[in-house]
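Reviewing the structure listed below.
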Amino acid sequence: MTTAGPPEPAPTAHPHVRLLETVYADLMRLADFAAPDIILHPADRGIDDSRVCRGKDDVLAHERDLVRATEGTLVMDTQHIVANDHFGAVLGTLRASRPRVVAMPFCGLWRFADGLVVEHWENAHAPHHLQRLLAPSIPAGTGGGDVPRRR
């Protein structure tokens, strides 16, 4: 007769997984884990990458603008987070109820160095649609034209 030994301990998540869980629960916590010269590539960036945010202050302003654009209703609903010493990837759904209801898949890609976030790529399923959804409403007949950018 063979008896089973004690159950195997659950594998511990990589510290960068815990870091990303914290950031996606509260985007403002990114300040706690960002390198001073962090680079963020916004979801609505163009091919020329001219909308890159450089430095902790610029990146945090971008995140604050995103929260402000949703009137504080933004929720980053994560489904999968993987990370190692160098990279992280987060799959989930960006949700907000203001100024319009939004539920859009996203994939956040992260690069780490010395335990800090040094680069982040925001990837929304339909970035231009997301930009339009988060833009302030323009009353009909006012000639609103193009949707203003958040930054």
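Residue numbering restarts at 1 in every chain; chains get A, B, ... in the order shown in the structure tokens, and ligands count up from 1 in that same order.
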Write out as a compact mmCIF listing (two decimals) with N, CA, C and O atoms, in the first residue's frame the residues lying within 12 Å of Thr73 in chain A, counting only C-alpha atoms and excluding same-chain residues fewer than 4 positions away.
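Printed below is around37.txt as written:
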# COMPACT_ATOMS: atom_id res chain seq x y z
N ASP A 26 -5.06 49.69 -9.02
CA ASP A 26 -5.03 51.14 -8.78
C ASP A 26 -3.92 51.73 -9.64
O ASP A 26 -2.74 51.67 -9.28
N LEU A 66 -6.61 59.38 -17.98
CA LEU A 66 -7.48 58.25 -18.32
C LEU A 66 -8.55 58.06 -17.25
O LEU A 66 -9.73 57.90 -17.57
N VAL A 67 -8.17 58.11 -16.00
CA VAL A 67 -9.13 57.98 -14.90
C VAL A 67 -10.12 59.15 -14.93
O VAL A 67 -11.33 58.97 -14.79
N ARG A 68 -9.61 60.35 -15.16
CA ARG A 68 -10.46 61.54 -15.23
C ARG A 68 -11.43 61.44 -16.41
O ARG A 68 -12.59 61.82 -16.29
N ALA A 69 -10.97 60.94 -17.56
CA ALA A 69 -11.82 60.82 -18.74
C ALA A 69 -13.01 59.89 -18.49
O ALA A 69 -14.05 60.03 -19.13
N LEU A 94 -10.96 46.57 -20.23
CA LEU A 94 -11.08 47.92 -19.69
C LEU A 94 -12.57 48.23 -19.63
O LEU A 94 -13.28 48.07 -20.63
N ARG A 95 -13.04 48.64 -18.45
CA ARG A 95 -14.47 48.95 -18.28
C ARG A 95 -14.62 50.33 -17.67
O ARG A 95 -13.84 50.73 -16.80
N ALA A 96 -15.65 51.04 -18.14
CA ALA A 96 -16.02 52.32 -17.56
C ALA A 96 -17.50 52.55 -17.85
O ALA A 96 -18.03 52.00 -18.82
N SER A 97 -18.13 53.36 -17.02
CA SER A 97 -19.54 53.66 -17.24
C SER A 97 -19.77 55.11 -17.66
O SER A 97 -20.88 55.46 -18.03
N ARG A 98 -18.72 55.94 -17.60
CA ARG A 98 -18.85 57.33 -18.02
C ARG A 98 -17.63 57.74 -18.83
O ARG A 98 -16.56 57.24 -18.56
N PRO A 99 -17.73 58.66 -19.77
CA PRO A 99 -18.94 59.34 -20.17
C PRO A 99 -19.90 58.45 -20.96
O PRO A 99 -21.06 58.80 -21.13
N ARG A 100 -19.41 57.31 -21.41
CA ARG A 100 -20.25 56.31 -22.07
C ARG A 100 -19.82 54.95 -21.53
O ARG A 100 -18.72 54.80 -21.02
N VAL A 101 -20.67 53.97 -21.70
CA VAL A 101 -20.32 52.61 -21.26
C VAL A 101 -19.26 52.06 -22.20
O VAL A 101 -19.40 52.13 -23.43
N VAL A 102 -18.18 51.56 -21.61
CA VAL A 102 -17.06 50.99 -22.37
C VAL A 102 -16.73 49.64 -21.76
O VAL A 102 -16.66 49.50 -20.53
N ALA A 103 -16.54 48.65 -22.61
CA ALA A 103 -16.00 47.34 -22.20
C ALA A 103 -15.16 46.87 -23.38
O ALA A 103 -15.69 46.42 -24.39
N LEU A 134 -14.20 57.75 -24.90
CA LEU A 134 -13.76 58.46 -23.70
C LEU A 134 -13.73 59.97 -23.88
O LEU A 134 -13.57 60.69 -22.91
Show me, as a ChimeraX atom specification, the residues that have an atom within 12 Å of range 74-89 of chain A when counting only C-alpha atoms, minus same-chain residues fewer than 4 positions from it. /A:13-27,63-70,93-124,134
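Between CA of Ile39 in chain A and CA of Thr12 in chain A lies a distance of 28.7 Å.
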Just the residues within 12 Å of His62 in chain A, please, counting only C-alpha atoms, with nothing from its chain fewer than 6 positions along; format it as a list in words. Leu27, Met28, Leu30, Ala31, Ile39, Leu40, His41, Pro42, Ala43, Asp44, Arg51, Val52, Cys53, Arg54, Gly55, Lys56, Arg68, Ala69, Glu122, Arg149, Arg150 and Arg151 of chain A
Using DSSP on the backbone coordinates, identify all residues within range 29-136 of chain A classified as strand (DSSP E); present the result as an MDAnalysis selection string. chainID A and resid 34:41 53:54 75:83 87:96 102:113 116:121
Atomic distance CA of Gln131 in chain A - CA of Val90 in chain A, expressed in Å with one decimal: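 Value for the CA of Gln131 in chain A-CA of Val90 in chain A distance: 20.4 Å.
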Would you mind reading off the distance between CA of Gly92 in chain A and CA of Ala126 in chain A, one decimal, in Å?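 CA of Ala126 in chain A lies at a distance of 13.7 Å from CA of Gly92 in chain A.
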To test your reading of the structure, identify every residue in range 28-137 of chain A that backbone DSSP assigns to alpha helix (DSSP H), and report it as a count of residues only. 26
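Shortest separation to His128 in chain A among A:Asp57, A:Phe33, A:Arg45, A:Ile38 occurs at residue A:Arg45, atoms counted being only C-alpha atoms.
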